[in-house]
Each structure stands twice: as C-alpha cells, then as structure tokens.
Amino acid sequence: MPHTPPPVGPRVRVRRVYEPPEPADGLRVLVDRLWPRGLAKADAHIDEWPKSLTPSTELRRWYHGTTGEYEEFRRRYEEELAEPAAAEALAALRARAAEGPVTLLTATKDPSRSHTEVLLRVLTAP
C-alpha cells in the first residue's frame with residue numbers, strides 16, 4: 001500500500017497587496033480594515049474582504065498612536081478574534097485553507113509586526 005504523507009495543515013501566507021498576484025496565491029483575502037491607498041479595486045484581485053477579521057478601528061488607532069505596544073496589541077486583537085463574528089469568519093477561512101492555498105493581503109509595510117502576523121498564527125494554530 002502506498003504511503004500517504006500526513007496533511008501539513010492549512011497553506012496560508014502573507015503578502016503585501018501591492019505585489020502582483022501569483023498563481024500560488026490561491027484565495028486572495030484582504031485583511032486590512034481600510035482599502036489600500038492608491039490601489040484600484042480592479043488591480044487588487046481580491047477574492048474576499050472579511051472585515052470582521054480586521055482589528056477594530058479603536059484598536060488600530062491605539063496601536064498606531066503614541067502608546068501602542070505590540071504585545072498588548074496582540075493580546076487585544078486575539079480577544080477581538082474570539083468574538084462571535086470573527087470566530088465564524090476564522091472558521092470559514094480555515095475551511096478554505098484546508099481546500100487550497102490562501103494568501104492574506106495587507107498594505108502594512110512590516111507584516112511581521114502587524115495584525116497579519118497575529119491572524120496568521122491564530123488561523124494556522126492546531
């Protein structure tokens with residue numbers, strides 16, 4: 001009987017929305033609350049824009065203000081992701097990622113210190 005490797009989990013990655021689409025992107029999901037500046041909707045090639053998965057306006061403003069600290073932002077954002085609408089959207093996105101690749105798109109200059117890193121970790125957690 002041939003050996004079937006175990007599933008490796010959801011295939012999710014993060015890219016900047018300004019980068020040209022690639023065939024490997026699969027489902028392209030914008031995860032910013034605001035539409036990216038200077039990007040025409042026709043050029044973005046966005047498949048979904050689930051605003052319930054984005055940080056609230058209040059949290060975003062707090063983090064980008066003078067008092068925002070990343071670890072506290074991460075904690076508050078994880079609390080928001082546990083709320084019913086976000087949890088439902090997360091479950092749907094996990095199901096889509098189990099079917100094929102998903103690319104989380106952001107205009108953030110440094111995705112590793114943004115909400116996308118938190119969302120990626122929560123989304124791909126076992």
# chains A, B, ... in the order shown; residues from 1 in each chain; ligands from 1

call {"tool": "select_by_dssp", "arguments": {"residues": "segment 3-125 of chain A", "states": "strand (DSSP E or B)", "output": "PDB file with all heavy atoms, in the first residue's frame"}}
result
ATOM      1  N   VAL A  12      -1.302  28.830   4.296  1.00  0.00           N
ATOM      2  CA  VAL A  12      -1.633  30.246   4.390  1.00  0.00           C
ATOM      3  C   VAL A  12      -0.341  31.034   4.409  1.00  0.00           C
ATOM      4  O   VAL A  12       0.615  30.671   5.089  1.00  0.00           O
ATOM      5  CB  VAL A  12      -2.440  30.551   5.675  1.00  0.00           C
ATOM      6  CG1 VAL A  12      -2.828  32.013   5.728  1.00  0.00           C
ATOM      7  CG2 VAL A  12      -3.665  29.661   5.774  1.00  0.00           C
ATOM      8  N   ARG A  13      -0.334  32.124   3.657  1.00  0.00           N
ATOM      9  CA  ARG A  13       0.835  33.002   3.673  1.00  0.00           C
ATOM     10  C   ARG A  13       0.363  34.448   3.664  1.00  0.00           C
ATOM     11  O   ARG A  13      -0.806  34.736   3.400  1.00  0.00           O
ATOM     12  CB  ARG A  13       1.761  32.722   2.498  1.00  0.00           C
ATOM     13  CG  ARG A  13       1.195  33.084   1.141  1.00  0.00           C
ATOM     14  CD  ARG A  13       2.195  32.777   0.060  1.00  0.00           C
ATOM     15  NE  ARG A  13       1.672  33.145  -1.249  1.00  0.00           N
ATOM     16  CZ  ARG A  13       2.443  33.305  -2.303  1.00  0.00           C
ATOM     17  NH1 ARG A  13       3.738  33.111  -2.210  1.00  0.00           N
ATOM     18  NH2 ARG A  13       1.920  33.626  -3.457  1.00  0.00           N
ATOM     19  N   VAL A  14       1.293  35.353   3.941  1.00  0.00           N
ATOM     20  CA  VAL A  14       1.011  36.785   3.977  1.00  0.00           C
ATOM     21  C   VAL A  14       1.840  37.465   2.895  1.00  0.00           C
ATOM     22  O   VAL A  14       3.026  37.160   2.728  1.00  0.00           O
ATOM     23  CB  VAL A  14       1.373  37.389   5.357  1.00  0.00           C
ATOM     24  CG1 VAL A  14       1.201  38.897   5.352  1.00  0.00           C
ATOM     25  CG2 VAL A  14       0.534  36.755   6.454  1.00  0.00           C
ATOM     26  N   ARG A  15       1.187  38.360   2.162  1.00  0.00           N
ATOM     27  CA  ARG A  15       1.877  39.159   1.142  1.00  0.00           C
ATOM     28  C   ARG A  15       1.342  40.574   1.196  1.00  0.00           C
ATOM     29  O   ARG A  15       0.218  40.811   1.643  1.00  0.00           O
ATOM     30  CB  ARG A  15       1.628  38.601  -0.266  1.00  0.00           C
ATOM     31  CG  ARG A  15       2.204  37.221  -0.465  1.00  0.00           C
ATOM     32  CD  ARG A  15       2.058  36.751  -1.897  1.00  0.00           C
ATOM     33  NE  ARG A  15       2.875  37.573  -2.767  1.00  0.00           N
ATOM     34  CZ  ARG A  15       2.550  37.903  -4.017  1.00  0.00           C
ATOM     35  NH1 ARG A  15       1.415  37.498  -4.546  1.00  0.00           N
ATOM     36  NH2 ARG A  15       3.339  38.641  -4.747  1.00  0.00           N
ATOM     37  N   ARG A  16       2.127  41.503   0.685  1.00  0.00           N
ATOM     38  CA  ARG A  16       1.644  42.874   0.560  1.00  0.00           C
ATOM     39  C   ARG A  16       0.706  42.946  -0.632  1.00  0.00           C
ATOM     40  O   ARG A  16       0.951  42.358  -1.673  1.00  0.00           O
ATOM     41  CB  ARG A  16       2.814  43.843   0.390  1.00  0.00           C
ATOM     42  CG  ARG A  16       3.631  43.908   1.689  1.00  0.00           C
ATOM     43  CD  ARG A  16       4.480  45.141   1.833  1.00  0.00           C
ATOM     44  NE  ARG A  16       3.660  46.323   2.000  1.00  0.00           N
ATOM     45  CZ  ARG A  16       3.862  47.463   1.343  1.00  0.00           C
ATOM     46  NH1 ARG A  16       4.850  47.574   0.486  1.00  0.00           N
ATOM     47  NH2 ARG A  16       3.090  48.500   1.558  1.00  0.00           N
ATOM     48  N   LEU A  27      -6.658  31.623  -2.891  1.00  0.00           N
ATOM     49  CA  LEU A  27      -7.674  32.578  -2.461  1.00  0.00           C
ATOM     50  C   LEU A  27      -6.972  33.818  -1.900  1.00  0.00           C
ATOM     51  O   LEU A  27      -6.168  33.713  -0.975  1.00  0.00           O
ATOM     52  CB  LEU A  27      -8.562  31.947  -1.381  1.00  0.00           C
ATOM     53  CG  LEU A  27      -9.698  32.814  -0.853  1.00  0.00           C
ATOM     54  CD1 LEU A  27     -10.794  32.938  -1.915  1.00  0.00           C
ATOM     55  CD2 LEU A  27     -10.261  32.209   0.427  1.00  0.00           C
ATOM     56  N   ARG A  28      -7.279  34.984  -2.454  1.00  0.00           N
ATOM     57  CA  ARG A  28      -6.646  36.239  -2.021  1.00  0.00           C
ATOM     58  C   ARG A  28      -7.616  36.987  -1.106  1.00  0.00           C
ATOM     59  O   ARG A  28      -8.697  37.374  -1.529  1.00  0.00           O
ATOM     60  CB  ARG A  28      -6.263  37.073  -3.232  1.00  0.00           C
ATOM     61  CG  ARG A  28      -5.140  36.420  -4.052  1.00  0.00           C
ATOM     62  CD  ARG A  28      -4.882  37.137  -5.357  1.00  0.00           C
ATOM     63  NE  ARG A  28      -4.654  38.557  -5.216  1.00  0.00           N
ATOM     64  CZ  ARG A  28      -3.468  39.140  -4.982  1.00  0.00           C
ATOM     65  NH1 ARG A  28      -2.391  38.385  -4.855  1.00  0.00           N
ATOM     66  NH2 ARG A  28      -3.372  40.448  -4.902  1.00  0.00           N
ATOM     67  N   VAL A  29      -7.185  37.174   0.152  1.00  0.00           N
ATOM     68  CA  VAL A  29      -8.050  37.739   1.182  1.00  0.00           C
ATOM     69  C   VAL A  29      -7.427  39.012   1.745  1.00  0.00           C
ATOM     70  O   VAL A  29      -6.345  38.968   2.341  1.00  0.00           O
ATOM     71  CB  VAL A  29      -8.278  36.719   2.327  1.00  0.00           C
ATOM     72  CG1 VAL A  29      -9.209  37.298   3.384  1.00  0.00           C
ATOM     73  CG2 VAL A  29      -8.807  35.408   1.782  1.00  0.00           C
ATOM     74  N   LEU A  30      -8.107  40.125   1.559  1.00  0.00           N
ATOM     75  CA  LEU A  30      -7.643  41.391   2.128  1.00  0.00           C
ATOM     76  C   LEU A  30      -7.992  41.395   3.608  1.00  0.00           C
ATOM     77  O   LEU A  30      -9.152  41.177   3.977  1.00  0.00           O
ATOM     78  CB  LEU A  30      -8.292  42.578   1.422  1.00  0.00           C
ATOM     79  CG  LEU A  30      -7.878  43.955   1.929  1.00  0.00           C
ATOM     80  CD1 LEU A  30      -6.381  44.190   1.722  1.00  0.00           C
ATOM     81  CD2 LEU A  30      -8.684  45.042   1.234  1.00  0.00           C
ATOM     82  N   GLU A  48     -11.853  37.960  -1.288  1.00  0.00           N
ATOM     83  CA  GLU A  48     -12.673  38.181  -0.104  1.00  0.00           C
ATOM     84  C   GLU A  48     -12.090  39.331   0.708  1.00  0.00           C
ATOM     85  O   GLU A  48     -10.884  39.581   0.683  1.00  0.00           O
ATOM     86  CB  GLU A  48     -12.730  36.926   0.780  1.00  0.00           C
ATOM     87  CG  GLU A  48     -13.450  35.763   0.137  1.00  0.00           C
ATOM     88  CD  GLU A  48     -13.542  34.552   1.049  1.00  0.00           C
ATOM     89  OE1 GLU A  48     -13.205  34.644   2.252  1.00  0.00           O
ATOM     90  OE2 GLU A  48     -13.945  33.495   0.547  1.00  0.00           O
ATOM     91  N   VAL A 102      -4.219  29.923   0.635  1.00  0.00           N
ATOM     92  CA  VAL A 102      -4.849  31.186   0.969  1.00  0.00           C
ATOM     93  C   VAL A 102      -3.741  32.206   1.196  1.00  0.00           C
ATOM     94  O   VAL A 102      -2.750  31.913   1.857  1.00  0.00           O
ATOM     95  CB  VAL A 102      -5.715  31.078   2.247  1.00  0.00           C
ATOM     96  CG1 VAL A 102      -6.190  32.444   2.717  1.00  0.00           C
ATOM     97  CG2 VAL A 102      -6.899  30.150   2.009  1.00  0.00           C
ATOM     98  N   THR A 103      -3.907  33.387   0.627  1.00  0.00           N
ATOM     99  CA  THR A 103      -2.950  34.468   0.834  1.00  0.00           C
ATOM    100  C   THR A 103      -3.653  35.624   1.524  1.00  0.00           C
ATOM    101  O   THR A 103      -4.653  36.132   1.018  1.00  0.00           O
ATOM    102  CB  THR A 103      -2.343  34.929  -0.511  1.00  0.00           C
ATOM    103  OG1 THR A 103      -1.662  33.822  -1.105  1.00  0.00           O
ATOM    104  CG2 THR A 103      -1.352  36.065  -0.305  1.00  0.00           C
ATOM    105  N   LEU A 104      -3.124  35.984   2.696  1.00  0.00           N
ATOM    106  CA  LEU A 104      -3.630  37.141   3.429  1.00  0.00           C
ATOM    107  C   LEU A 104      -2.910  38.370   2.892  1.00  0.00           C
ATOM    108  O   LEU A 104      -1.680  38.410   2.860  1.00  0.00           O
ATOM    109  CB  LEU A 104      -3.347  36.987   4.929  1.00  0.00           C
ATOM    110  CG  LEU A 104      -3.866  35.710   5.582  1.00  0.00           C
ATOM    111  CD1 LEU A 104      -3.466  35.680   7.056  1.00  0.00           C
ATOM    112  CD2 LEU A 104      -5.360  35.571   5.415  1.00  0.00           C
ATOM    113  N   LEU A 105      -3.675  39.353   2.453  1.00  0.00           N
ATOM    114  CA  LEU A 105      -3.107  40.541   1.833  1.00  0.00           C
ATOM    115  C   LEU A 105      -3.236  41.750   2.747  1.00  0.00           C
ATOM    116  O   LEU A 105      -4.280  41.964   3.362  1.00  0.00           O
ATOM    117  CB  LEU A 105      -3.812  40.825   0.510  1.00  0.00           C
ATOM    118  CG  LEU A 105      -3.702  39.719  -0.525  1.00  0.00           C
ATOM    119  CD1 LEU A 105      -4.672  39.956  -1.665  1.00  0.00           C
ATOM    120  CD2 LEU A 105      -2.278  39.611  -1.036  1.00  0.00           C
ATOM    121  N   THR A 106      -2.157  42.536   2.796  1.00  0.00           N
ATOM    122  CA  THR A 106      -2.139  43.720   3.646  1.00  0.00           C
ATOM    123  C   THR A 106      -1.328  44.822   2.986  1.00  0.00           C
ATOM    124  O   THR A 106      -0.421  44.548   2.204  1.00  0.00           O
ATOM    125  CB  THR A 106      -1.555  43.400   5.032  1.00  0.00           C
ATOM    126  OG1 THR A 106      -1.608  44.566   5.844  1.00  0.00           O
ATOM    127  CG2 THR A 106      -0.114  42.920   4.943  1.00  0.00           C
TER     128      THR A 106
END

call {"tool": "select_by_dssp", "arguments": {"residues": "chain A", "states": "helix (DSSP H, G or I)", "output": "PyMOL selection string"}}
result
chain A and resi 23-25+41-44+51-53+57-64+70-81+84-99+111-113+115-124

call {"tool": "atom_distance", "arguments": {"atom1": "atom CA of Tyr18 of chain A", "atom2": "atom CA of Ala89 of chain A"}}
result
23.9 Å

call {"tool": "residues_around", "arguments": {"residues": "segment 38-41 of chain A", "least_positions_apart": "4", "cutoff": "9 Å", "atoms": "only C-alpha atoms", "output": "list in words"}}
result
Val17, Tyr18, His45 and Ile46 of chain A

call {"tool": "write_last_selection", "arguments": {"atoms": "N, CA, C and O atoms", "output": "compact mmCIF listing (two decimals), in the first residue's frame"}}
result
# COMPACT_ATOMS: atom_id res chain seq x y z
N VAL A 17 -0.38 43.67 -0.47
CA VAL A 17 -1.40 43.76 -1.51
C VAL A 17 -0.88 44.46 -2.76
O VAL A 17 -1.42 44.29 -3.85
N TYR A 18 0.18 45.23 -2.63
CA TYR A 18 0.75 45.96 -3.76
C TYR A 18 1.60 45.07 -4.67
O TYR A 18 1.94 45.46 -5.77
N HIS A 45 -7.24 42.29 -7.37
CA HIS A 45 -7.54 40.86 -7.49
C HIS A 45 -7.85 40.25 -6.12
O HIS A 45 -7.26 39.25 -5.73
N ILE A 46 -8.78 40.87 -5.40
CA ILE A 46 -9.20 40.43 -4.07
C ILE A 46 -10.40 39.49 -4.23
O ILE A 46 -11.36 39.81 -4.91

call {"tool": "residues_around", "arguments": {"residues": "Glu78 of chain A", "least_positions_apart": "5", "cutoff": "12 Å", "atoms": "only C-alpha atoms", "output": "PyMOL selection string"}}
result
chain A and resi 53-56+59+71-73+83+86-87+90+115-123

call {"tool": "decode", "arguments": {"residues": "segment 36-64 of chain A", "atoms": "N, CA and C atoms", "output": "mmCIF file, in the first residue's frame"}}
result
data_model
loop_
_atom_site.group_PDB
_atom_site.id
_atom_site.type_symbol
_atom_site.label_atom_id
_atom_site.label_comp_id
_atom_site.auth_asym_id
_atom_site.auth_seq_id
_atom_site.Cartn_x
_atom_site.Cartn_y
_atom_site.Cartn_z
ATOM 1 N N PRO A 36 -6.532 49.751 0.645
ATOM 2 C CA PRO A 36 -5.164 50.251 0.466
ATOM 3 C C PRO A 36 -5.102 51.493 -0.416
ATOM 4 N N ARG A 37 -4.350 52.459 0.041
ATOM 5 C CA ARG A 37 -4.209 53.713 -0.701
ATOM 6 C C ARG A 37 -3.559 53.484 -2.058
ATOM 7 N N GLY A 38 -4.103 54.176 -3.049
ATOM 8 C CA GLY A 38 -3.502 54.172 -4.375
ATOM 9 C C GLY A 38 -3.697 52.894 -5.172
ATOM 10 N N LEU A 39 -4.525 51.992 -4.701
ATOM 11 C CA LEU A 39 -4.717 50.716 -5.392
ATOM 12 C C LEU A 39 -6.147 50.648 -5.925
ATOM 13 N N ALA A 40 -6.254 50.522 -7.239
ATOM 14 C CA ALA A 40 -7.577 50.391 -7.857
ATOM 15 C C ALA A 40 -8.137 49.009 -7.547
ATOM 16 N N LYS A 41 -9.422 48.932 -7.274
ATOM 17 C CA LYS A 41 -10.039 47.642 -6.945
ATOM 18 C C LYS A 41 -9.851 46.628 -8.066
ATOM 19 N N ALA A 42 -9.870 47.082 -9.298
ATOM 20 C CA ALA A 42 -9.689 46.172 -10.433
ATOM 21 C C ALA A 42 -8.283 45.582 -10.470
ATOM 22 N N ASP A 43 -7.299 46.299 -9.928
ATOM 23 C CA ASP A 43 -5.910 45.825 -9.948
ATOM 24 C C ASP A 43 -5.563 44.943 -8.753
ATOM 25 N N ALA A 44 -6.416 44.930 -7.743
ATOM 26 C CA ALA A 44 -6.089 44.239 -6.492
ATOM 27 C C ALA A 44 -6.299 42.730 -6.552
ATOM 28 N N HIS A 45 -7.240 42.288 -7.373
ATOM 29 C CA HIS A 45 -7.538 40.857 -7.492
ATOM 30 C C HIS A 45 -7.850 40.251 -6.120
ATOM 31 N N ILE A 46 -8.780 40.874 -5.404
ATOM 32 C CA ILE A 46 -9.200 40.427 -4.075
ATOM 33 C C ILE A 46 -10.396 39.492 -4.234
ATOM 34 N N ASP A 47 -10.324 38.324 -3.589
ATOM 35 C CA ASP A 47 -11.443 37.386 -3.621
ATOM 36 C C ASP A 47 -12.403 37.614 -2.452
ATOM 37 N N GLU A 48 -11.853 37.960 -1.288
ATOM 38 C CA GLU A 48 -12.673 38.181 -0.104
ATOM 39 C C GLU A 48 -12.090 39.331 0.708
ATOM 40 N N TRP A 49 -12.969 39.998 1.475
ATOM 41 C CA TRP A 49 -12.553 41.092 2.350
ATOM 42 C C TRP A 49 -13.368 40.991 3.635
ATOM 43 N N PRO A 50 -13.045 40.036 4.502
ATOM 44 C CA PRO A 50 -13.813 39.834 5.732
ATOM 45 C C PRO A 50 -13.401 40.837 6.815
ATOM 46 N N LYS A 51 -14.114 41.936 6.886
ATOM 47 C CA LYS A 51 -13.747 42.997 7.831
ATOM 48 C C LYS A 51 -13.853 42.544 9.287
ATOM 49 N N SER A 52 -14.608 41.491 9.555
ATOM 50 C CA SER A 52 -14.693 41.002 10.934
ATOM 51 C C SER A 52 -13.371 40.401 11.414
ATOM 52 N N LEU A 53 -12.455 40.103 10.487
ATOM 53 C CA LEU A 53 -11.134 39.577 10.860
ATOM 54 C C LEU A 53 -10.084 40.671 11.026
ATOM 55 N N THR A 54 -10.465 41.902 10.782
ATOM 56 C CA THR A 54 -9.506 43.003 10.891
ATOM 57 C C THR A 54 -9.593 43.626 12.278
ATOM 58 N N PRO A 55 -8.502 44.223 12.756
ATOM 59 C CA PRO A 55 -8.579 44.890 14.057
ATOM 60 C C PRO A 55 -9.610 46.022 14.014
ATOM 61 N N SER A 56 -10.287 46.220 15.127
ATOM 62 C CA SER A 56 -11.271 47.299 15.206
ATOM 63 C C SER A 56 -10.590 48.643 14.965
ATOM 64 N N THR A 57 -11.380 49.615 14.572
ATOM 65 C CA THR A 57 -10.844 50.963 14.353
ATOM 66 C C THR A 57 -10.181 51.477 15.622
ATOM 67 N N GLU A 58 -10.819 51.252 16.775
ATOM 68 C CA GLU A 58 -10.267 51.722 18.047
ATOM 69 C C GLU A 58 -8.906 51.081 18.326
ATOM 70 N N LEU A 59 -8.804 49.763 18.126
ATOM 71 C CA LEU A 59 -7.545 49.060 18.386
ATOM 72 C C LEU A 59 -6.469 49.516 17.412
ATOM 73 N N ARG A 60 -6.841 49.655 16.171
ATOM 74 C CA ARG A 60 -5.875 50.099 15.159
ATOM 75 C C ARG A 60 -5.339 51.485 15.506
ATOM 76 N N ARG A 61 -6.218 52.398 15.880
ATOM 77 C CA ARG A 61 -5.793 53.756 16.238
ATOM 78 C C ARG A 61 -4.908 53.748 17.482
ATOM 79 N N TRP A 62 -5.281 52.924 18.466
ATOM 80 C CA TRP A 62 -4.473 52.830 19.678
ATOM 81 C C TRP A 62 -3.057 52.341 19.344
ATOM 82 N N TYR A 63 -2.968 51.284 18.548
ATOM 83 C CA TYR A 63 -1.665 50.694 18.223
ATOM 84 C C TYR A 63 -0.784 51.656 17.440
ATOM 85 N N HIS A 64 -1.359 52.393 16.511
ATOM 86 C CA HIS A 64 -0.579 53.313 15.687
ATOM 87 C C HIS A 64 -0.385 54.664 16.348
#
